[in-house]
Amino acid sequence: MTTSPPETAPAIGPDAAFRQHLEAGRFMLQHCADCGTWVFQPRILCPACGSARLEWQSASGRGRVHSRAVLKQRPEKGGDHAVVLVDLAEGVRMMSRLPDTAPEAIAIGLPVRARILTQESGPVVVFDPDPEPEA
Ligand SMILES: [Zn+2]
């Protein structure tokens with residue numbers, strides 16, 4: 001960062017705040033206090049109305065697979081795995097993966113549930129098939 005934030009900005013940026021929540025075991029999304037839009041990726045201003053009143057709220061963790069792309073990998077590197085776009089119940093889209101699910105078992109529209117996976121590089125949000133999807 002080479003520019004100093006305006007005085008009204010939070011002490012840490014929205015990406016860092018998102019990560020801090022994950023490190024504390026919380027999957028949080030920003031929610032606009034003015035227009036009610038859910039926001040992801042983390043931002044300073046609401047993309048819908050421009051408000052700076054973005055508040056962190058717990059994500060439901062529920063979603064559905066919007067699309068998937070299978071990346072071919074040699075077995076010794078872990079085998080094929082899928083990168084997915086998940087439409088969260090809040091209406092935002094997130095790129096992620098289903099680390100414990102075979103790529104061929106990941107169907108478009110599959111209901112999924114989020115969990116936080118801690119990797120060497122830090123915590124990330126991943127998904128598993130949802131055993132009890134909402135109707
Ligand atoms: Zn807004």
# chains A, B, ... in the order shown; residues from 1 in each chain; ligands from 1

$ select_by_dssp --residues "chain A" --states "alpha helix (DSSP H)" --output "VMD selection string"
chain A and resid 14 to 23

$ write_last_selection --atoms "C-alpha atoms" --output "compact mmCIF listing (two decimals), in the first residue's frame"
# COMPACT_ATOMS: atom_id res chain seq x y z
CA PRO A 14 -11.71 -5.39 3.79
CA ASP A 15 -9.65 -8.30 2.45
CA ALA A 16 -7.63 -8.42 5.67
CA ALA A 17 -10.82 -8.23 7.72
CA PHE A 18 -12.32 -11.14 5.76
CA ARG A 19 -9.20 -13.17 6.44
CA GLN A 20 -9.13 -12.26 10.14
CA HIS A 21 -12.68 -13.54 10.49
CA LEU A 22 -11.68 -16.81 8.79
CA GLU A 23 -8.70 -17.16 11.11

$ residues_near_ligand --ligand "ligand 1" --cutoff "12 Å" --atoms "only C-alpha atoms and all ligand atoms" --output "PyMOL selection string"
chain A and resi 30-39+43-55

$ residues_around --residues "A:Pro131" --least-positions-apart "6" --cutoff "9 Å" --atoms "only C-alpha atoms" --output "ChimeraX atom specification"
/A:111-113

$ select_by_dssp --residues "stretch 26-131 of chain A" --states "strand (DSSP E or B)" --output "MDAnalysis selection string"
chainID A and resid 28:32 38:39 54:58 62:71 81:88 93:96 111:119 122:129

$ write_last_selection --atoms "N, CA and C atoms" --output "compact mmCIF listing (two decimals), in the first residue's frame"
# COMPACT_ATOMS: atom_id res chain seq x y z
N MET A 28 -17.64 -14.74 7.23
CA MET A 28 -18.45 -13.53 7.26
C MET A 28 -18.49 -12.89 5.87
N LEU A 29 -19.61 -12.27 5.57
CA LEU A 29 -19.75 -11.48 4.35
C LEU A 29 -20.14 -10.07 4.73
N GLN A 30 -19.82 -9.15 3.84
CA GLN A 30 -20.25 -7.77 4.07
C GLN A 30 -21.71 -7.61 3.63
N HIS A 31 -22.43 -6.82 4.40
CA HIS A 31 -23.83 -6.55 4.11
C HIS A 31 -24.02 -5.04 4.18
N CYS A 32 -24.64 -4.47 3.14
CA CYS A 32 -24.79 -3.02 3.09
C CYS A 32 -25.95 -2.60 4.00
N TRP A 38 -25.68 -7.91 -0.28
CA TRP A 38 -24.54 -8.67 0.22
C TRP A 38 -23.39 -8.47 -0.74
N VAL A 39 -22.18 -8.39 -0.20
CA VAL A 39 -21.01 -8.01 -1.00
C VAL A 39 -19.91 -9.06 -0.88
N LEU A 54 -20.75 -0.76 5.13
CA LEU A 54 -20.73 -2.21 4.95
C LEU A 54 -20.42 -2.86 6.29
N GLU A 55 -21.28 -3.76 6.71
CA GLU A 55 -21.14 -4.41 8.01
C GLU A 55 -20.88 -5.90 7.81
N TRP A 56 -20.02 -6.45 8.65
CA TRP A 56 -19.73 -7.89 8.58
C TRP A 56 -20.83 -8.67 9.27
N GLN A 57 -21.39 -9.63 8.54
CA GLN A 57 -22.42 -10.49 9.14
C GLN A 57 -22.11 -11.94 8.77
N SER A 58 -22.53 -12.85 9.61
CA SER A 58 -22.28 -14.27 9.37
C SER A 58 -22.96 -14.73 8.09
N ARG A 62 -24.63 -21.63 3.07
CA ARG A 62 -25.35 -22.46 2.11
C ARG A 62 -25.18 -21.91 0.69
N GLY A 63 -25.16 -22.82 -0.27
CA GLY A 63 -25.06 -22.38 -1.64
C GLY A 63 -25.30 -23.51 -2.60
N ARG A 64 -25.16 -23.19 -3.87
CA ARG A 64 -25.28 -24.20 -4.92
C ARG A 64 -24.17 -24.00 -5.94
N VAL A 65 -23.73 -25.12 -6.51
CA VAL A 65 -22.68 -25.06 -7.52
C VAL A 65 -23.25 -24.42 -8.78
N HIS A 66 -22.63 -23.33 -9.20
CA HIS A 66 -23.05 -22.64 -10.42
C HIS A 66 -22.33 -23.22 -11.63
N SER A 67 -21.04 -23.48 -11.49
CA SER A 67 -20.29 -24.07 -12.59
C SER A 67 -19.04 -24.73 -12.03
N ARG A 68 -18.46 -25.59 -12.83
CA ARG A 68 -17.24 -26.24 -12.37
C ARG A 68 -16.31 -26.43 -13.55
N ALA A 69 -15.03 -26.43 -13.27
CA ALA A 69 -14.02 -26.70 -14.28
C ALA A 69 -13.04 -27.68 -13.67
N VAL A 70 -12.80 -28.78 -14.39
CA VAL A 70 -11.90 -29.80 -13.87
C VAL A 70 -10.48 -29.54 -14.38
N LEU A 71 -9.56 -29.45 -13.43
CA LEU A 71 -8.16 -29.26 -13.78
C LEU A 71 -7.47 -30.61 -13.72
N HIS A 81 -8.73 -32.25 -10.01
CA HIS A 81 -9.60 -31.59 -9.04
C HIS A 81 -10.39 -30.50 -9.73
N ALA A 82 -11.50 -30.17 -9.11
CA ALA A 82 -12.43 -29.22 -9.72
C ALA A 82 -12.37 -27.87 -9.03
N VAL A 83 -12.40 -26.82 -9.85
CA VAL A 83 -12.60 -25.47 -9.34
C VAL A 83 -14.06 -25.12 -9.61
N VAL A 84 -14.74 -24.63 -8.59
CA VAL A 84 -16.17 -24.36 -8.74
C VAL A 84 -16.48 -22.88 -8.48
N LEU A 85 -17.55 -22.44 -9.10
CA LEU A 85 -18.17 -21.18 -8.70
C LEU A 85 -19.44 -21.55 -7.94
N VAL A 86 -19.55 -21.03 -6.72
CA VAL A 86 -20.69 -21.32 -5.88
C VAL A 86 -21.54 -20.07 -5.73
N ASP A 87 -22.84 -20.21 -5.99
CA ASP A 87 -23.78 -19.14 -5.71
C ASP A 87 -24.25 -19.30 -4.27
N LEU A 88 -23.85 -18.38 -3.41
CA LEU A 88 -24.26 -18.45 -2.02
C LEU A 88 -25.71 -18.01 -1.87
N ARG A 93 -21.38 -14.68 -5.52
CA ARG A 93 -20.73 -15.82 -6.16
C ARG A 93 -19.29 -15.89 -5.70
N MET A 94 -18.83 -17.09 -5.40
CA MET A 94 -17.50 -17.28 -4.83
C MET A 94 -16.79 -18.42 -5.54
N MET A 95 -15.52 -18.21 -5.89
CA MET A 95 -14.72 -19.29 -6.46
C MET A 95 -14.14 -20.12 -5.33
N SER A 96 -14.26 -21.43 -5.45
CA SER A 96 -13.79 -22.29 -4.38
C SER A 96 -13.57 -23.69 -4.91
N PRO A 111 -26.40 -28.73 -4.06
CA PRO A 111 -26.40 -27.92 -2.84
C PRO A 111 -25.12 -28.18 -2.04
N VAL A 112 -24.51 -27.14 -1.56
CA VAL A 112 -23.25 -27.27 -0.83
C VAL A 112 -23.29 -26.44 0.45
N ARG A 113 -22.41 -26.81 1.36
CA ARG A 113 -22.28 -26.11 2.64
C ARG A 113 -20.81 -25.71 2.82
N ALA A 114 -20.60 -24.51 3.28
CA ALA A 114 -19.24 -24.00 3.43
C ALA A 114 -18.58 -24.50 4.71
N ARG A 115 -17.28 -24.62 4.64
CA ARG A 115 -16.48 -24.79 5.86
C ARG A 115 -15.15 -24.10 5.64
N ILE A 116 -14.45 -23.87 6.73
CA ILE A 116 -13.16 -23.18 6.65
C ILE A 116 -12.05 -24.22 6.71
N LEU A 117 -11.22 -24.21 5.69
CA LEU A 117 -10.09 -25.13 5.62
C LEU A 117 -8.82 -24.34 5.87
N THR A 118 -8.02 -24.81 6.82
CA THR A 118 -6.77 -24.12 7.11
C THR A 118 -5.63 -24.78 6.35
N GLN A 119 -5.01 -24.00 5.49
CA GLN A 119 -3.89 -24.48 4.69
C GLN A 119 -2.63 -23.77 5.17
N GLY A 122 -2.87 -20.21 4.82
CA GLY A 122 -3.90 -19.54 5.59
C GLY A 122 -5.26 -20.18 5.37
N PRO A 123 -6.27 -19.67 6.06
CA PRO A 123 -7.60 -20.27 5.96
C PRO A 123 -8.31 -19.86 4.67
N VAL A 124 -9.04 -20.83 4.09
CA VAL A 124 -9.86 -20.55 2.92
C VAL A 124 -11.24 -21.17 3.12
N VAL A 125 -12.21 -20.63 2.39
CA VAL A 125 -13.56 -21.20 2.42
C VAL A 125 -13.66 -22.27 1.34
N VAL A 126 -14.00 -23.49 1.75
CA VAL A 126 -14.25 -24.57 0.80
C VAL A 126 -15.65 -25.11 1.07
N PHE A 127 -16.06 -26.07 0.24
CA PHE A 127 -17.44 -26.55 0.34
C PHE A 127 -17.50 -28.07 0.33
N ASP A 128 -18.58 -28.58 0.92
CA ASP A 128 -18.93 -30.00 0.87
C ASP A 128 -20.37 -30.10 0.39
N PRO A 129 -20.74 -31.25 -0.20
CA PRO A 129 -22.16 -31.45 -0.53
C PRO A 129 -23.00 -31.28 0.74

$ atom_distance --atom1 "atom CA of A:Gly61" --atom2 "atom CA of A:Asp80"
25.2 Å

$ atom_distance --atom1 "atom CA of A:Val92" --atom2 "atom CA of A:Phe40"
6.1 Å
